[in-house]
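Asks: Supplied in structure tokens, the structure appears directly below.
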Amino acid sequence: MRRMMLLGALMTIGAVGITAGQGGQQPQTAEIEKVRDNLFVIRNGGGNTAAFITVDGVVLVDTKNPGWGARIMEKVRSVTDKPVTTIINTHTHADHVGSNEDFLPTVEVVAHANTKTNMQKMPHFEGDKEKFLPDRVYRDRLTLGSGNDSVDLYYFGAGHTNGDTIVVFPALRVAHTGDLFAGLSTPLIDTRNGGSGVAYPDTLEKAAAGIKGVESVIPGHSEVTTWDKFVEYGEFNAAFLAAVQQAIGQGKTPEEAAAGLKPPEKFKDYSMGRLQTNVRAIYEEIKR
């Protein structure tokens, strides 16, 4: 180791904002919250970082923006003396992988194979910094550790990117979803890194059916929530896609489609900051 389903119409532009934590100024101080006795979430500085304390050391999920390694470790040190042994990167974006370089070369970095490929295109990992890329990759599922310390990594298909990992701590009944489920909002669909608005609902449905026993979820950029909210998020994205497909069938332009979409009451708490962008992305994907 070198480093350790269809709703007819949906959504109006009435709601504003984007997923918490994915835009605007961030606090410069990390905050830590206990999820379970040996599992913590570290906030600010980019995506939510999970710290899972095992017998042998600490497994981190995502490393935030560049320059946040010391602040992550300050919070880790507030709950354990054990070293970081493993980093799991849920996907390629800099606010989730940016501080890989702040950790020792003995820390193993793990990610989906597509995520490693995407990371290799980032200037952040060029030249001598390529050593901070994942050491270990997987395709569909991978288990790290054993017993109460086991961590399951799942890939169900394209969504936010083409390499989104859901990390499950089975003994704790907790999952970290990265930005596949960043929060209650229209998602960021990163088509440049293989993201797909058409595949997104199917990927979420497969995840909801394929992962058993999870009760709590650490989203990519929002407060810890329930597995039921993750399942609901899949329904939200399925409804969004169905509404856009209906608009395409009616011959509407992307602008007409976006203006005519209205959210069912069930999704009243969802932010629609990316409504127009996502409608356009789905139009382009379906029509190409």
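Residue numbering restarts at 1 in every chain; chains get A, B, ... in the order shown in the structure tokens, and ligands count up from 1 in that same order.
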With only C-alpha atoms as the counted atoms, please give the residues lying no more than 10 Å from A:Val137, apart from itself and same-chain residues fewer than 4 positions off, as a PyMOL selection string.

Replies: chain A and resi 88+109-116+141-142

Asks: Running DSSP on the backbone, which parts of stretch 49-238 of chain A land in strand (DSSP E or B), as a VMD selection string?

Replies: chain A and resid 49 to 53 58 to 61 84 to 88 108 to 112 136 to 138 141 to 144 151 to 154 166 to 169 174 to 178 185 216 to 219 225 to 226

Asks: Tell me which protein, DNA and RNA residues are within 8 Å of A:Phe132, counting only C-alpha atoms, leaving out same-chain ones fewer than 4 positions away, and put them as a CSV table (one decimal) with N, CA and C atoms, in the first residue's frame.

Replies:
```csv
chain,number,residue,atom,x,y,z
A,3,ARG,N,-0.5,4.6,-0.1
A,3,ARG,CA,-1.2,5.5,0.7
A,3,ARG,C,-2.5,4.9,1.2
A,100,ASN,N,-5.9,15.5,-0.6
A,100,ASN,CA,-5.2,14.2,-0.6
A,100,ASN,C,-3.7,14.4,-0.3
A,101,GLU,N,-3.1,15.4,-0.9
A,101,GLU,CA,-1.6,15.6,-0.8
A,101,GLU,C,-1.2,16.0,0.6
A,105,PRO,N,2.5,9.4,2.6
A,105,PRO,CA,2.5,8.5,1.5
A,105,PRO,C,2.1,7.1,1.9
A,109,VAL,N,-5.1,5.4,-0.8
A,109,VAL,CA,-6.2,6.1,-1.4
A,109,VAL,C,-7.0,5.2,-2.3
A,125,PHE,N,-3.4,17.0,-10.0
A,125,PHE,CA,-2.6,15.8,-9.9
A,125,PHE,C,-1.6,15.6,-11.0
```

Asks: Mind listing the helix (DSSP H, G or I) residues of stretch 84-272 of chain A, per DSSP on the backbone, as an NGL selection string?

Replies: :A and (94-97 or 100-102 or 113-119 or 123-125 or 127-132 or 147-149 or 170-172 or 179-181 or 191-193 or 200-210 or 227-249 or 254-260 or 265-267)

Asks: I'd like the neighbourhood of stretch 52-69 of chain A as a ChimeraX atom specification, where a residue qualifies if any of its atoms comes within 7 Å (using only C-alpha atoms), though same-chain residues fewer than 5 positions away should be ignored.

Replies: /A:38-40,45-47,82-90,94-100,102,149

Asks: Neighbours of A:Leu172 within 12 Å (only C-alpha atoms; same-chain residues fewer than 2 positions away dropped), as a PyMOL selection string?

Replies: chain A and resi 35-40+52-54+147-152+167-170+174-176+213-217

Asks: For those residues, write C-alpha atoms to a file as an mmCIF file, in the first residue's frame.

Replies:
```cif
data_model
loop_
_atom_site.group_PDB
_atom_site.id
_atom_site.type_symbol
_atom_site.label_atom_id
_atom_site.label_comp_id
_atom_site.auth_asym_id
_atom_site.auth_seq_id
_atom_site.Cartn_x
_atom_site.Cartn_y
_atom_site.Cartn_z
ATOM 1 C CA VAL A 35 -22.662 10.368 13.982
ATOM 2 C CA ARG A 36 -21.848 7.220 15.951
ATOM 3 C CA ASP A 37 -19.345 6.549 18.746
ATOM 4 C CA ASN A 38 -16.604 5.837 16.203
ATOM 5 C CA LEU A 39 -17.895 7.779 13.188
ATOM 6 C CA PHE A 40 -17.736 11.537 12.771
ATOM 7 C CA PHE A 52 -14.334 6.270 10.774
ATOM 8 C CA ILE A 53 -12.217 5.070 13.680
ATOM 9 C CA THR A 54 -11.215 1.415 13.394
ATOM 10 C CA GLY A 147 -16.052 -7.377 11.007
ATOM 11 C CA ASN A 148 -17.175 -4.209 12.742
ATOM 12 C CA ASP A 149 -14.428 -2.312 10.929
ATOM 13 C CA SER A 150 -15.576 -3.264 7.429
ATOM 14 C CA VAL A 151 -16.381 -0.560 4.890
ATOM 15 C CA ASP A 152 -18.347 -1.369 1.721
ATOM 16 C CA VAL A 167 -19.527 4.305 1.165
ATOM 17 C CA VAL A 168 -21.352 2.124 3.697
ATOM 18 C CA PHE A 169 -20.321 1.414 7.276
ATOM 19 C CA PRO A 170 -22.480 -1.720 7.740
ATOM 20 C CA VAL A 174 -24.593 4.570 7.992
ATOM 21 C CA ALA A 175 -23.765 5.537 4.400
ATOM 22 C CA HIS A 176 -21.772 8.425 2.951
ATOM 23 C CA GLY A 213 -29.630 -2.080 6.462
ATOM 24 C CA VAL A 214 -28.682 1.609 6.267
ATOM 25 C CA GLU A 215 -30.559 4.003 8.548
ATOM 26 C CA SER A 216 -28.551 7.235 8.419
ATOM 27 C CA VAL A 217 -26.910 9.089 5.541
#
```

Asks: Give me the residues within 12 Å of A:Gly163 as a PDB file with C-alpha atoms, in the first residue's frame, counting only C-alpha atoms and dropping any in the same chain fewer than 5 places off.

Replies:
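Okay, part_1.pdb is ready:
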```pdb
ATOM      1  CA  ASN A  89     -12.534   9.576  -2.625  1.00  0.00           C
ATOM      2  CA  THR A  90     -16.232   9.441  -3.550  1.00  0.00           C
ATOM      3  CA  HIS A  91     -15.670  11.249  -6.883  1.00  0.00           C
ATOM      4  CA  THR A  92     -13.281  13.511  -8.740  1.00  0.00           C
ATOM      5  CA  HIS A  93     -14.147  17.080  -7.710  1.00  0.00           C
ATOM      6  CA  VAL A 110      -9.209   4.193  -2.814  1.00  0.00           C
ATOM      7  CA  ALA A 111     -11.748   5.231  -5.474  1.00  0.00           C
ATOM      8  CA  HIS A 112     -13.802   3.934  -8.380  1.00  0.00           C
ATOM      9  CA  ALA A 113     -11.759   3.271 -11.491  1.00  0.00           C
ATOM     10  CA  ASN A 114     -13.590   6.002 -13.434  1.00  0.00           C
ATOM     11  CA  THR A 115     -12.858   8.469 -10.667  1.00  0.00           C
ATOM     12  CA  LYS A 116      -9.152   7.781 -10.875  1.00  0.00           C
ATOM     13  CA  THR A 117      -9.309   8.347 -14.643  1.00  0.00           C
ATOM     14  CA  ASN A 118     -11.132  11.640 -14.082  1.00  0.00           C
ATOM     15  CA  MET A 119      -8.667  12.711 -11.406  1.00  0.00           C
ATOM     16  CA  VAL A 137      -9.590   1.088  -7.617  1.00  0.00           C
ATOM     17  CA  TYR A 138     -12.712  -1.050  -8.002  1.00  0.00           C
ATOM     18  CA  ARG A 139     -15.520  -1.478 -10.553  1.00  0.00           C
ATOM     19  CA  ASP A 140     -18.799  -2.502  -8.859  1.00  0.00           C
ATOM     20  CA  ARG A 141     -18.206  -3.288  -5.201  1.00  0.00           C
ATOM     21  CA  LEU A 153     -17.905   0.663  -1.463  1.00  0.00           C
ATOM     22  CA  TYR A 154     -20.662   0.559  -4.095  1.00  0.00           C
ATOM     23  CA  TYR A 155     -20.970   1.828  -7.654  1.00  0.00           C
ATOM     24  CA  PHE A 156     -24.382   1.704  -9.389  1.00  0.00           C
ATOM     25  CA  GLY A 157     -23.839   3.819 -12.515  1.00  0.00           C
ATOM     26  CA  ALA A 158     -23.595   7.375 -13.764  1.00  0.00           C
ATOM     27  CA  THR A 177     -23.208   9.235  -0.488  1.00  0.00           C
ATOM     28  CA  GLY A 178     -20.803  11.893  -1.704  1.00  0.00           C
ATOM     29  CA  ASP A 179     -22.412  14.237  -4.212  1.00  0.00           C
ATOM     30  CA  LEU A 180     -24.564  11.545  -5.778  1.00  0.00           C
ATOM     31  CA  ASP A 190     -21.084  16.955 -14.387  1.00  0.00           C
ATOM     32  CA  THR A 191     -21.286  15.767 -17.999  1.00  0.00           C
ATOM     33  CA  ASN A 193     -16.818  13.770 -16.042  1.00  0.00           C
ATOM     34  CA  GLY A 194     -19.454  11.323 -17.276  1.00  0.00           C
ATOM     35  CA  GLY A 195     -22.438  12.578 -15.275  1.00  0.00           C
ATOM     36  CA  SER A 196     -25.891  11.803 -16.697  1.00  0.00           C
ATOM     37  CA  THR A 203     -28.626   4.822 -10.532  1.00  0.00           C
TER      38      THR A 203
END
```

Asks: Hey, which of A:Leu133, A:Ile286, A:Ile72, A:Ala259 ends up closest to A:Arg43? Count only C-alpha atoms.

Replies: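 Of all the options, A:Ile72 lies closest to A:Arg43.
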
Asks: How far is it from atom CA of A:Val231 to atom CA of A:Tyr200, in Å with one decimal?

Replies: 12.7 Å

Asks: Smallest atom-to-atom distance to A:Phe181: which of A:Glu232, A:Glu284, A:Asp135, A:Glu256, using only C-alpha atoms?

Replies: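 Closest to A:Phe181, using only C-alpha atoms: A:Glu232.
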
Asks: Given only C-alpha atoms as the basis, pick out the residue of A:Gln276, A:Thr143, A:Gln120, A:Thr225 nearest to A:Leu184.

Replies: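 For A:Leu184, the nearest of the given residues is A:Thr225.
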
Asks: Closest to A:Leu104 among A:Met73, A:Asn278, A:Glu265, A:Gly197, using only C-alpha atoms?

Replies: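 Among A:Met73, A:Asn278, A:Glu265, A:Gly197, it is A:Met73 that comes nearest to A:Leu104.
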
Asks: From the options A:Ala238, A:Asp81, A:Thr226, A:Arg71, which residue's atoms come nearest to A:Phe103, counting only C-alpha atoms?

Replies: A:Arg71
